[in-house]
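Student: So that you have it, the file is work02.txt, and it contains compact mmCIF, C-alpha atoms:
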```
# COMPACT_ATOMS: atom_id res chain seq x y z
CA MET A 1 113.26 139.61 153.61
CA THR A 2 110.92 137.82 151.26
CA SER A 3 107.51 139.42 150.91
CA ILE A 4 104.20 137.53 150.95
CA GLU A 5 103.74 138.36 147.26
CA GLU A 6 107.09 136.78 146.43
CA LEU A 7 106.26 133.69 148.47
CA MET A 8 102.87 133.42 146.72
CA SER A 9 104.57 133.80 143.36
CA ILE A 10 107.09 131.05 144.17
CA TRP A 11 104.28 128.80 145.42
CA ILE A 12 102.19 129.34 142.25
CA SER A 13 105.26 128.72 140.07
CA LEU A 14 105.95 125.52 141.98
CA LEU A 15 102.35 124.35 141.50
CA LEU A 16 102.53 125.16 137.79
CA CYS A 17 105.82 123.27 137.46
CA ILE A 18 104.36 120.23 139.23
CA GLY A 19 101.26 120.45 137.03
CA LEU A 20 103.31 120.64 133.86
CA ALA A 21 105.57 117.81 134.93
CA LEU A 22 102.92 115.39 136.13
CA GLY A 23 99.85 116.44 134.18
CA SER A 24 97.76 113.76 132.56
CA THR A 25 94.77 114.35 130.32
CA LEU A 26 91.61 112.27 130.07
CA ASP A 27 88.84 112.25 127.46
CA VAL A 28 85.68 110.27 128.22
CA TYR A 29 83.22 108.95 125.64
CA VAL A 30 79.90 107.44 126.73
CA ASP A 31 78.11 104.99 124.45
CA TYR A 32 74.73 103.32 124.54
CA LYS A 33 74.02 100.69 121.88
CA GLY A 34 76.51 102.18 119.49
CA ASN A 35 75.29 105.75 119.89
CA PRO A 36 76.88 108.64 121.78
CA VAL A 37 75.15 109.62 124.99
CA ALA A 38 74.66 113.29 125.73
CA GLN A 39 74.11 114.64 129.24
CA ALA A 40 75.62 111.65 130.99
CA SER A 41 77.03 112.68 134.36
CA ILE A 42 80.68 111.77 134.84
CA TYR A 43 82.28 111.19 138.22
CA ILE A 44 85.83 110.26 139.09
CA ASP A 45 86.92 108.20 142.07
CA ASN A 46 83.30 107.86 143.22
CA ALA A 47 82.97 111.35 144.59
CA THR A 48 84.23 114.06 142.30
CA TYR A 49 81.75 115.32 139.71
CA LEU A 50 83.54 116.15 136.46
CA GLY A 51 80.65 117.35 134.31
CA GLN A 52 78.24 116.17 131.66
CA THR A 53 78.92 114.78 128.21
CA ILE A 54 78.01 116.90 125.20
CA SER A 55 76.05 115.84 122.11
CA ASP A 56 78.91 113.77 120.68
CA GLY A 57 79.04 111.76 123.93
CA THR A 58 82.35 113.20 125.09
CA LEU A 59 83.71 115.08 128.05
CA ASN A 60 87.20 116.20 127.14
CA ASN A 61 90.41 117.62 128.56
CA ILE A 62 89.98 116.45 132.13
CA TYR A 63 93.13 116.89 134.18
CA VAL A 64 93.92 113.88 136.35
CA ASP A 65 96.71 113.10 138.76
CA PRO A 66 98.95 110.16 137.96
CA GLY A 67 97.73 106.92 139.52
CA SER A 68 94.73 104.60 139.40
CA HIS A 69 91.29 106.10 138.95
CA THR A 70 87.72 104.95 138.55
CA VAL A 71 85.33 106.80 136.27
CA ASN A 72 81.54 106.45 136.50
CA ALA A 73 78.96 107.50 133.93
CA ASN A 74 75.31 107.87 134.93
CA TRP A 75 72.47 108.50 132.52
CA GLN A 76 68.70 108.25 132.46
CA ASP A 77 67.30 106.82 129.22
CA ASP A 78 64.06 107.87 127.50
CA ASN A 79 62.09 105.32 129.56
CA GLY A 80 63.35 106.86 132.77
CA GLN A 81 65.62 103.90 133.47
CA GLN A 82 68.88 104.76 135.18
CA ARG A 83 71.90 103.34 133.37
CA SER A 84 75.45 103.45 134.56
CA GLY A 85 78.87 102.30 133.49
CA ILE A 86 82.19 102.19 135.27
CA ARG A 87 85.79 101.97 134.09
CA SER A 88 89.12 101.95 135.84
CA PHE A 89 92.33 103.22 134.35
CA THR A 90 95.83 104.26 135.30
CA ALA A 91 97.11 107.74 134.48
CA PHE A 92 100.84 108.05 133.90
CA ASN A 93 103.05 111.11 134.08
CA ASP A 94 102.45 113.26 131.02
CA SER A 95 100.00 110.85 129.38
CA TYR A 96 96.77 111.11 127.46
CA THR A 97 93.89 108.63 127.88
CA GLN A 98 90.71 108.08 125.89
CA LEU A 99 88.16 106.11 127.85
CA ARG A 100 84.95 104.64 126.48
CA ILE A 101 82.20 103.76 128.89
CA ASP A 102 79.47 101.47 127.58
CA LEU A 103 76.05 101.70 129.11
CA ASN A 104 74.68 98.81 127.07
CA PHE A 105 75.04 95.07 127.31
CA PRO A 106 76.90 92.93 124.83
CA ARG A 107 75.31 92.45 121.45
CA ASN A 108 73.99 89.34 119.74
CA LEU A 109 73.13 86.72 122.35
CA GLY A 110 74.11 89.16 125.05
CA TRP A 111 70.43 89.92 125.43
CA ILE A 112 70.03 86.51 127.11
CA TRP A 113 72.68 87.55 129.61
CA GLN A 114 70.86 90.85 130.01
CA LEU A 115 67.57 89.04 130.59
CA LEU A 116 69.15 86.92 133.31
CA THR A 117 70.94 89.74 135.08
CA ASP A 118 68.62 92.69 134.58
CA SER A 119 66.02 91.60 137.14
CA MET B 1 64.58 92.11 126.45
CA VAL B 2 65.99 92.41 122.99
CA SER B 3 64.68 95.48 121.21
CA ILE B 4 63.10 95.64 117.76
CA GLU B 5 66.07 97.72 116.59
CA GLU B 6 68.43 95.02 117.76
CA LEU B 7 66.50 92.34 115.91
CA ILE B 8 66.44 94.46 112.74
CA ARG B 9 70.17 95.04 113.07
CA ILE B 10 70.87 91.31 113.34
CA LEU B 11 68.64 90.55 110.37
CA GLU B 12 70.21 93.28 108.28
CA ASN B 13 73.74 92.13 109.02
CA GLY B 14 73.08 88.38 108.79
CA GLU B 15 73.81 86.21 105.84
CA LEU B 16 70.98 85.91 103.34
CA ALA B 17 71.12 82.12 103.48
CA PHE B 18 70.38 82.11 107.20
CA LYS B 19 67.42 84.44 106.73
CA PHE B 20 66.19 82.26 103.88
CA ALA B 21 66.49 79.14 106.07
CA ILE B 22 64.35 80.79 108.74
CA VAL B 23 61.67 81.77 106.22
CA ILE B 24 61.57 78.28 104.68
CA GLY B 25 61.45 76.76 108.15
CA ILE B 26 58.47 78.93 109.10
CA VAL B 27 56.65 77.99 105.88
CA LEU B 28 57.28 74.27 106.50
CA ILE B 29 55.95 74.49 110.03
CA ILE B 30 52.86 76.35 108.83
CA ILE B 31 52.26 73.64 106.23
CA ALA B 32 52.82 70.93 108.85
CA VAL B 33 50.53 72.31 111.53
CA ALA B 34 47.89 74.05 109.44
CA PRO B 35 47.77 72.69 105.87
CA SER B 36 44.33 74.06 105.19
CA MET B 37 45.50 77.59 106.09
CA SER B 38 48.57 77.45 103.93
CA ILE B 39 47.00 76.15 100.76
CA PRO B 40 45.03 79.25 99.65
CA PHE B 41 48.13 81.39 100.29
CA LEU B 42 50.46 79.08 98.34
CA LYS B 43 47.86 78.42 95.65
CA ILE B 44 48.72 74.74 95.38
CA PRO B 45 46.39 71.74 95.45
CA THR B 46 45.25 70.55 98.85
CA LEU B 47 47.80 68.44 100.65
CA SER B 48 46.60 65.59 102.72
CA LEU B 49 49.48 64.95 105.10
CA SER B 50 49.54 62.06 107.52
CA LYS B 51 50.44 62.76 111.15
CA LYS B 52 53.88 61.25 110.58
CA GLN B 53 54.46 63.39 107.47
CA SER B 54 53.40 66.53 109.36
CA MET B 55 55.78 65.72 112.19
CA ILE B 56 58.71 65.18 109.79
CA LEU B 57 57.89 68.42 107.94
CA GLY B 58 57.62 70.31 111.24
CA ALA B 59 60.92 68.85 112.44
CA ILE B 60 62.67 69.90 109.22
CA GLY B 61 61.15 73.38 109.57
CA GLY B 62 62.32 73.58 113.17
CA ILE B 63 65.84 72.50 112.23
CA LEU B 64 65.95 75.14 109.49
CA ILE B 65 64.77 77.89 111.85
CA LEU B 66 67.31 76.83 114.49
CA SER B 67 70.11 76.67 111.91
CA GLY B 68 69.17 80.10 110.61
CA MET B 69 69.21 81.59 114.12
CA VAL B 70 72.57 80.00 114.89
CA GLY B 71 73.90 81.37 111.62
CA LEU B 72 72.66 84.87 112.35
CA SER B 73 74.12 84.77 115.84
CA SER B 74 77.44 83.60 114.48
CA ASN B 75 77.81 86.83 112.51
CA ASN B 76 81.09 88.14 113.90
CA VAL B 77 80.93 91.65 115.31
CA PRO B 78 84.40 93.23 115.25
CA PRO B 79 86.08 94.31 118.49
CA TYR B 80 86.56 97.95 119.45
CA VAL B 81 89.08 99.84 121.55
CA ASP B 82 87.53 101.23 124.71
CA MET B 83 90.68 102.51 126.38
CA TYR B 84 93.64 104.18 124.75
CA THR B 85 96.58 105.70 126.60
CA ILE B 86 99.68 107.31 125.16
CA SER B 87 102.66 108.45 127.19
CA PRO B 88 104.18 110.97 126.78
CA ASN B 89 101.19 112.97 125.66
CA LEU B 90 102.05 113.60 122.01
CA ARG B 91 98.94 115.76 121.58
CA ASN B 92 100.80 118.52 123.38
CA ALA B 93 103.38 120.12 121.15
CA THR B 94 106.18 119.59 123.65
CA SER B 95 109.63 118.87 122.33
CA LEU B 96 110.90 115.39 122.99
CA GLN B 97 114.38 114.14 123.48
CA SER B 98 115.75 111.71 120.93
CA GLY B 99 115.58 108.28 122.55
CA THR B 100 112.26 108.92 124.29
CA GLN B 101 110.15 105.80 124.62
CA VAL B 102 106.55 106.28 123.50
CA ILE B 103 104.20 103.84 125.22
CA ILE B 104 100.75 103.11 123.83
CA TYR B 105 98.43 101.00 125.94
CA VAL B 106 95.04 99.89 124.66
CA GLU B 107 92.19 97.77 125.93
CA ALA B 108 89.64 96.42 123.50
CA LYS B 109 86.29 94.70 123.90
CA ASP B 110 84.75 92.02 121.78
CA PRO B 111 80.97 92.40 121.50
CA ASP B 112 80.81 88.66 120.83
CA ALA B 113 82.42 87.83 124.14
CA TYR B 114 79.10 86.45 125.43
CA ASN B 115 78.18 84.74 122.18
CA ILE B 116 78.44 81.02 122.87
CA PHE B 117 78.47 80.24 119.15
CA GLN B 118 81.47 82.48 118.61
CA LYS B 119 83.22 81.15 121.65
CA TYR B 120 82.77 77.41 121.21
CA PHE B 121 81.89 76.73 117.58
CA PHE B 122 83.78 79.42 115.71
CA GLN B 123 86.90 79.24 117.87
CA ALA B 124 87.23 82.94 118.60
CA ILE B 125 90.75 83.63 119.83
CA PRO B 126 91.95 86.15 122.45
CA LEU B 127 91.99 89.66 120.99
CA GLN B 128 95.01 90.34 118.82
CA TYR B 129 96.73 93.73 118.72
CA ASP B 130 99.00 95.18 116.08
CA PHE B 131 100.82 98.52 116.48
CA LEU B 132 102.16 100.38 113.46
CA VAL B 133 103.67 103.76 112.73
CA LYS B 134 104.02 105.66 109.48
CA GLY B 135 106.00 108.86 109.17
CA PRO B 136 109.34 110.42 108.36
CA GLY B 137 111.12 107.90 110.58
CA THR B 138 109.79 105.03 108.46
CA ASN B 139 110.10 106.72 105.05
CA ASN B 140 106.31 106.97 105.12
CA ASN B 141 105.98 103.18 105.09
CA LEU B 142 103.99 101.27 107.67
CA TYR B 143 106.27 99.79 110.31
CA HIS B 144 105.14 97.23 112.90
CA PHE B 145 106.65 98.25 116.20
CA GLN B 146 104.62 95.74 118.21
CA GLY B 147 102.61 92.69 117.29
CA PRO B 148 100.51 91.23 115.94
CA GLY B 149 99.83 89.34 119.12
CA VAL B 150 98.01 89.41 122.43
CA ASN B 151 100.32 92.09 123.88
CA ASN B 152 98.22 95.25 124.16
CA THR B 153 101.14 97.59 124.88
CA GLY B 154 103.22 99.09 122.10
CA LEU B 155 106.66 100.63 122.72
CA LEU B 156 108.42 102.83 120.20
CA VAL B 157 111.75 104.57 120.74
CA ILE B 158 111.73 107.94 119.00
CA ASN B 159 114.89 109.14 117.31
CA SER B 160 115.58 112.31 115.37
CA SER B 161 114.19 110.84 112.14
CA TYR B 162 110.67 110.81 113.63
CA ALA B 163 110.47 114.60 113.77
CA GLY B 164 107.35 115.65 111.87
CA VAL B 165 103.86 114.25 111.29
CA ASN B 166 103.46 110.62 112.34
CA GLU B 167 100.44 108.36 112.00
CA PHE B 168 100.01 105.63 114.58
CA TYR B 169 97.75 102.70 113.66
CA ILE B 170 96.30 100.23 116.11
CA ASN B 171 94.67 97.16 114.60
CA VAL B 172 92.52 94.93 116.77
CA SER B 173 91.08 91.62 115.70
CA ASP B 174 89.29 88.66 117.24
CA ARG B 175 90.58 86.43 114.44
CA PRO B 176 94.16 85.73 113.40
CA PHE B 177 95.48 88.63 111.31
CA GLY B 178 95.09 87.87 107.63
CA GLU B 179 91.96 85.79 108.15
CA ALA B 180 89.65 88.68 108.91
CA LYS B 181 89.65 92.41 108.53
CA PRO B 182 90.78 94.01 111.81
CA THR B 183 89.29 97.11 113.39
CA VAL B 184 91.69 99.92 112.58
CA TYR B 185 92.27 103.05 114.67
CA ARG B 186 94.44 105.91 113.46
CA TYR B 187 95.99 108.66 115.57
CA THR B 188 98.02 111.49 114.07
CA TYR B 189 100.65 113.35 116.07
CA VAL B 190 103.27 115.94 115.28
CA ILE B 191 106.50 114.99 116.98
CA ASN B 192 108.77 117.88 117.82
CA LEU B 193 112.22 116.82 118.84
CA ASN B 194 114.39 119.03 120.94
CA LYS B 195 117.23 120.31 118.81
CA VAL B 196 120.88 120.21 119.75
CA PRO B 197 122.80 123.43 120.45
CA THR B 198 125.50 124.57 118.04
CA LEU B 199 128.93 125.77 119.02
CA LYS B 200 129.48 128.80 116.81
CA GLU B 201 133.02 129.69 117.70
CA ILE B 202 135.85 129.30 120.18
CA ASN B 203 138.17 132.25 120.60
CA PRO B 204 140.73 133.57 123.04
CA ASP B 205 140.37 136.86 124.80
CA PRO B 206 140.73 139.57 122.07
CA TYR B 207 143.93 140.84 123.71
CA LYS B 208 145.44 137.36 124.03
CA GLU B 209 145.59 136.09 120.48
CA SER B 210 147.99 133.24 119.73
CA PRO B 211 150.96 133.09 120.23
CA GLN B 212 151.54 133.99 123.89
CA PRO B 213 154.41 133.20 126.27
CA VAL B 214 154.22 130.58 129.04
CA ASN B 215 152.38 131.56 132.26
CA THR B 216 150.13 134.05 130.50
CA ARG B 217 146.56 134.10 131.82
CA ILE B 218 144.45 133.33 128.77
CA ARG B 219 140.64 133.34 128.63
CA ILE B 220 139.16 131.01 126.06
CA ILE B 221 135.53 131.81 125.26
CA ALA B 222 133.04 129.45 123.59
CA GLU B 223 129.95 130.91 121.89
CA ALA B 224 126.96 128.65 121.29
CA THR B 225 123.30 128.96 120.37
CA ASP B 226 120.28 126.72 121.02
CA PRO B 227 117.01 126.85 119.04
CA GLU B 228 114.94 126.34 122.20
CA ASN B 229 117.16 128.53 124.38
CA ASP B 230 117.83 125.60 126.69
CA VAL B 231 120.39 125.87 129.45
CA LEU B 232 123.77 125.02 127.90
CA TYR B 233 126.69 123.15 129.37
CA TYR B 234 130.32 123.54 128.25
CA GLN B 235 133.38 121.32 128.53
CA PHE B 236 136.97 122.29 127.67
CA LEU B 237 139.79 119.92 126.69
CA ILE B 238 143.40 120.46 125.68
CA ALA B 239 145.81 118.37 123.62
CA PRO B 240 149.31 119.72 124.44
CA PRO B 241 152.16 119.64 121.89
CA GLY B 242 153.09 116.13 120.78
CA CYS B 243 149.84 114.63 122.13
CA ILE B 244 146.95 113.46 120.07
CA ASP B 245 144.75 112.74 123.07
CA TYR B 246 142.71 115.47 124.69
CA SER B 247 142.51 115.87 128.46
CA VAL B 248 139.58 117.52 130.20
CA VAL B 249 140.73 120.76 131.78
CA LYS B 250 137.28 122.04 132.74
CA ASN B 251 134.37 119.67 133.07
CA TRP B 252 130.70 120.33 132.22
CA SER B 253 129.43 123.59 133.63
CA GLU B 254 127.22 126.46 132.57
CA GLU B 255 130.34 128.68 132.22
CA ASN B 256 131.38 129.22 128.64
CA GLU B 257 134.87 130.42 129.59
CA LEU B 258 138.12 128.65 130.37
CA LEU B 259 140.90 130.42 132.24
CA TRP B 260 144.06 128.76 130.98
CA ILE B 261 147.56 129.39 132.31
CA PRO B 262 149.91 127.40 130.06
CA THR B 263 153.01 125.79 131.56
CA GLU B 264 156.31 124.80 129.94
CA ASP B 265 154.67 121.55 128.85
CA ASN B 266 152.48 123.67 126.60
CA ILE B 267 155.32 125.26 124.70
CA GLY B 268 154.55 124.63 121.07
CA GLU B 269 151.26 123.94 119.29
CA ASN B 270 148.28 123.27 121.54
CA TYR B 271 144.80 122.28 120.50
CA ILE B 272 141.93 123.50 122.70
CA LYS B 273 138.57 121.89 122.19
CA ALA B 274 135.22 123.14 123.51
CA CYS B 275 132.07 120.97 123.60
CA VAL B 276 128.53 122.15 124.21
CA ARG B 277 125.31 120.30 124.99
CA ASP B 278 121.93 120.97 126.58
CA GLU B 279 120.23 119.08 129.36
CA LEU B 280 118.36 116.74 126.99
CA HIS B 281 121.38 115.64 124.97
CA GLU B 282 123.88 113.88 127.18
CA ASP B 283 124.87 111.48 124.44
CA GLN B 284 128.31 112.35 123.04
CA LYS B 285 127.11 112.07 119.45
CA ASP B 286 124.80 115.05 120.06
CA TRP B 287 127.56 117.37 121.34
CA SER B 288 128.66 120.27 119.21
CA LYS B 289 132.45 120.79 119.15
CA LYS B 290 135.04 123.23 117.87
CA THR B 291 138.83 123.27 118.12
CA LEU B 292 141.23 126.18 118.45
CA ARG B 293 144.93 126.02 117.61
CA TYR B 294 147.03 128.01 120.08
CA GLU B 295 150.80 128.43 120.17
CA ILE B 296 152.72 128.94 123.42
CA LEU B 297 156.16 130.49 123.34
CA PRO B 298 158.98 130.04 125.83
CA ILE B 299 159.80 133.02 128.06
CA GLN B 300 162.27 135.26 126.26
```
Please express the file's structure as C-alpha cells.

Tutor:
Amino acid sequence: MTSIEELMSIWISLLLCIGLALGSTLDVYVDYKGNPVAQASIYIDNATYLGQTISDGTLNNIYVDPGSHTVNANWQDDNGQQRSGIRSFTAFNDSYTQLRIDLNFPRNLGWIWQLLTDS
Amino acid sequence: MVSIEELIRILENGELAFKFAIVIGIVLIIIAVAPSMSIPFLKIPTLSLSKKQSMILGAIGGILILSGMVGLSSNNVPPYVDMYTISPNLRNATSLQSGTQVIIYVEAKDPDAYNIFQKYFFQAIPLQYDFLVKGPGTNNNLYHFQGPGVNNTGLLVINSSYAGVNEFYINVSDRPFGEAKPTVYRYTYVINLNKVPTLKEINPDPYKESPQPVNTRIRIIAEATDPENDVLYYQFLIAPPGCIDYSVVKNWSEENELLWIPTEDNIGENYIKACVRDELHEDQKDWSKKTLRYEILPIQ
C-alpha cells in the first residue's frame, strides 16, 4: 500500500514537472520620463501583488502561468501624485518576457495631450 | 503641464537653426512692439517705425518663432521596445532539439506617436522591425531571419550549427531602414543543443559467436551511450543472405537486445543492423547505426 509520504512525494514531483514544463518568466521595468522608477508596486491580473521595483526600476524573475495577463504598476511621485501604468501580455509555455511600463505621457507635443486629459 | 526639464531637453536636442529662428523672432517682435526698449540693448540708432512697419516686423518675428517651434517639435525621437518575449526561454540553459523554432515577439512604442508634425508633415510610417542573428550558425555574420517590415514576430529554426553563443539583434525604426538609424537591441544567449546518442558496438552473446547453426537462439546486444543520459530507443534489422534490403525484426523499444532464431532462409551471410536514438531525435539522419556480419550454418 502506498504511504502518505509516497503520495506527497509523487504529488510534489508532478507539480515540479508541470512547473518545469509550463513555466514562463517575466521581468518588469517601470519608467517615468526616461528614468527607472524604484519602489513602484507591481500587481498582476488586478489582484495579486508581486512586489516592488528596485533602484534600477526592475522586478525580475516572476513566474507566470501561460496565458493572458495584465500587469499594473503604481507609484507616487515626489509631488505626492499617484501615477500608474498598465500592460497586457501573453505568456507562452517556456517563454521569457520583458515588459516595460511607462508612467509618463508621450514626449514632444504629448504634453498638449497630457494637458487635455490630465484634468 | 510641460516641465522645465522637458523644455530644456527639447531645446538641447533641437536643431540650432530652429533655436536661432526663435531667438531672431523674439528680437524682431521686441523691436516691433517696443522700439525704445530695444535700442539701448542693441546699441543702434533710434528706429522710428511706422505702425505698418511694426506690424510687418512683428508678423515676420511671429512666423520665425512658429517655424522654430515646429522645427523643434519635428525632431524625431526614436522608438523603443516595451515588450519582448522569447519562446523557448533561451536564458535557461536547457538543451534544445535541433529543429526547434525560436519565436521572438516584440512590441515597440514611438514617442512621436502623438506628434502631429511627425504624423502629417514628416510622413512617419508604421514601426518597422528587423530581426537578425549572429553566431556559429551564421559563421558569425549577421543574418536577417525576419524583416525589415511591419511584422513584429521573428521565427528562427535552430539546427545543430547554432550550438554556442548567439547574439540576437532587434532593430526598430519609425523610418524606412536605410533612411534613419534604427533603435538596436541586443540579446545574447547560449544555445545548448541536445546531443545524439552513439551506438558503440553490436555483438552477439559471448557464447554465440558467428557462425552458428540454424535454429540456434542468439542474443544480439547493442551498446550505446548518450551525453545527456536520455532514455534510448533501439531498433534491429536484418538483411538475410542474397538481400541488400534490411527488414525490421524488432521495432523501436527501450530494450537493447534482440533474440534471434535464424531459419533456413538465413543460411549464409546475414547482416544485422542496430539503430539507436533518443526521444528528441526522431529524424533518421540523427540515428546512430552499426552493422554485424553473422554466418548461419545448415544443420549437420

Student: Measuring atom to atom with only C-alpha atoms, identify which of A:Ala47, A:Ala91, A:Ile62, A:Leu103 is nearest to chain B.

Tutor: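 Residue with the minimum atom-to-atom distance to chain B: A:Ala91.
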
Student: Just give me the gap between CA of Pro204 in chain B and CA of Lys290 in chain B in Å, one decimal is fine.

Tutor: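 Value for the CA of Pro204 in chain B-CA of Lys290 in chain B distance: 12.9 Å.
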
Student: Report, in Å to a single decimal, how far apart CA of Ser247 in chain B and CA of Ser288 in chain B are.

Tutor: 17.2 Å

Student: By how many Å are CA of Gln97 in chain B and CA of Ile158 in chain B apart?

Tutor: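 Answer for the CA of Gln97 in chain B to CA of Ile158 in chain B separation: 8.1 Å.
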
Student: Given the point (87.9, 109.6, 137.9) in the coordinates of this file, which residues lie within 9 Å, counting all atoms listed in the file, and how would they look as a ChimeraX atom specification?

Tutor: /A:42-50,64,68-72,87-89

Student: Store the residues picked out above, limited to C-alpha atoms, as a PDB file, in the coordinates of the input.

Tutor:
```
ATOM      1  CA  ILE A  42      80.680 111.770 134.840  1.00  0.00           C
ATOM      2  CA  TYR A  43      82.280 111.190 138.220  1.00  0.00           C
ATOM      3  CA  ILE A  44      85.830 110.260 139.090  1.00  0.00           C
ATOM      4  CA  ASP A  45      86.920 108.200 142.070  1.00  0.00           C
ATOM      5  CA  ASN A  46      83.300 107.860 143.220  1.00  0.00           C
ATOM      6  CA  ALA A  47      82.970 111.350 144.590  1.00  0.00           C
ATOM      7  CA  THR A  48      84.230 114.060 142.300  1.00  0.00           C
ATOM      8  CA  TYR A  49      81.750 115.320 139.710  1.00  0.00           C
ATOM      9  CA  LEU A  50      83.540 116.150 136.460  1.00  0.00           C
ATOM     10  CA  VAL A  64      93.920 113.880 136.350  1.00  0.00           C
ATOM     11  CA  SER A  68      94.730 104.600 139.400  1.00  0.00           C
ATOM     12  CA  HIS A  69      91.290 106.100 138.950  1.00  0.00           C
ATOM     13  CA  THR A  70      87.720 104.950 138.550  1.00  0.00           C
ATOM     14  CA  VAL A  71      85.330 106.800 136.270  1.00  0.00           C
ATOM     15  CA  ASN A  72      81.540 106.450 136.500  1.00  0.00           C
ATOM     16  CA  ARG A  87      85.790 101.970 134.090  1.00  0.00           C
ATOM     17  CA  SER A  88      89.120 101.950 135.840  1.00  0.00           C
ATOM     18  CA  PHE A  89      92.330 103.220 134.350  1.00  0.00           C
TER      19      PHE A  89
END
```

Student: Which residues come within 9 Å of range 187-189 of chain B, counting all atoms listed in the file, excluding same-chain residues fewer than 3 positions away, as a list in words?

Tutor: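 Once the adjacent positions are removed, what remains is Leu90, Arg91, Asn92, Ala93, Gly164, Val165, Asn166, Glu167, Phe168, Tyr169 and Ile170 of chain B.
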
Student: Considering all atoms listed in the file, can you say which of B:Ser95, B:Thr85, B:Asn194, B:Gln284 comes closest to chain A?

Tutor: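 Of the candidates, the smallest distance to chain A is held by B:Thr85.
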
Student: Return the single residue from B:Gly71, B:Ile65, B:Ile31, B:Lys19 that is closest to chain A, with distances computed using all atoms listed in the file.

Tutor: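 Once distances to chain A are computed over all atoms listed in the file, the minimum belongs to B:Gly71.
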
Student: Residues within 10 Å of Thr183 in chain B, please, as a list in words. Count all atoms listed in the file; anything in the same chain fewer than 3 positions from it doesn't count.

Tutor: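 Counting only the stated atoms, we get Pro78, Pro79, Tyr80, Val81, Tyr129, Ile170, Asn171, Val172, Ser173, Asp174 and Ala180 of chain B.
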
Student: Could you give me, as a list of chain:residue names, the residues within 8 Å of His144 in chain B, counting only C-alpha atoms and dropping anything in the same chain fewer than 6 positions from it?

Tutor: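 The residues that qualify are B:Asp130, B:Phe131, B:Leu132, B:Val133.
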
Student: Could you check the closest approach to chain A for each of B:Tyr105, B:Tyr162, B:Tyr294, B:Phe18 and tell me which residue wins, using all atoms listed in the file?

Tutor: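 Under the stated criterion, the closest residue is B:Tyr105.
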
Student: With a distance cut-off of 10 Å and all atoms listed in the file, select the neighbouring residues of Ile238 in chain B, excluding the residue or stretch itself and same-chain residues fewer than 2 positions from it, and output the selection as number ranges by chain.

Tutor: B: 236, 240-241, 243-250, 260, 266, 270-274, 291-293

Student: Kindly indicate which residue among A:Gln98, A:Gln52, A:Asn74, A:Thr25 lies nearest to chain B, using all atoms listed in the file for the distances.

Tutor: A:Gln98

Student: Identify, on the basis of only C-alpha atoms, every residue whose closest approach to Thr198 in chain B does not exceed 7 Å; exclude the query and any residue fewer than 6 positions from it along the same chain; express the result as a tab-separated table (two decimals) with C-alpha atoms, keeping the file's coordinate frame.

Tutor:
```tsv
chain	number	residue	atom	x	y	z
B	224	ALA	CA	126.96	128.65	121.29
B	225	THR	CA	123.30	128.96	120.37
B	226	ASP	CA	120.28	126.72	121.02
B	288	SER	CA	128.66	120.27	119.21
```

Student: With distances taken over all atoms listed in the file, which residue among B:Pro88, B:Gly137, B:Pro148, B:Gly62 lies nearest chain A?

Tutor: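 Closest to chain A of all the choices is B:Pro88.
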
Student: In the coordinates of the file, take the point (83.2, 113.8, 124.7) and a cut-off of 7 Å; then, counting only C-alpha atoms, name each qualifying protein, DNA or RNA residue as a list in words.

Tutor: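 Returned residue set, sorted by chain then number, is Asp27, Val28, Tyr29, Thr53, Ile54, Asp56, Gly57, Thr58, Leu59 and Asn60 of chain A.
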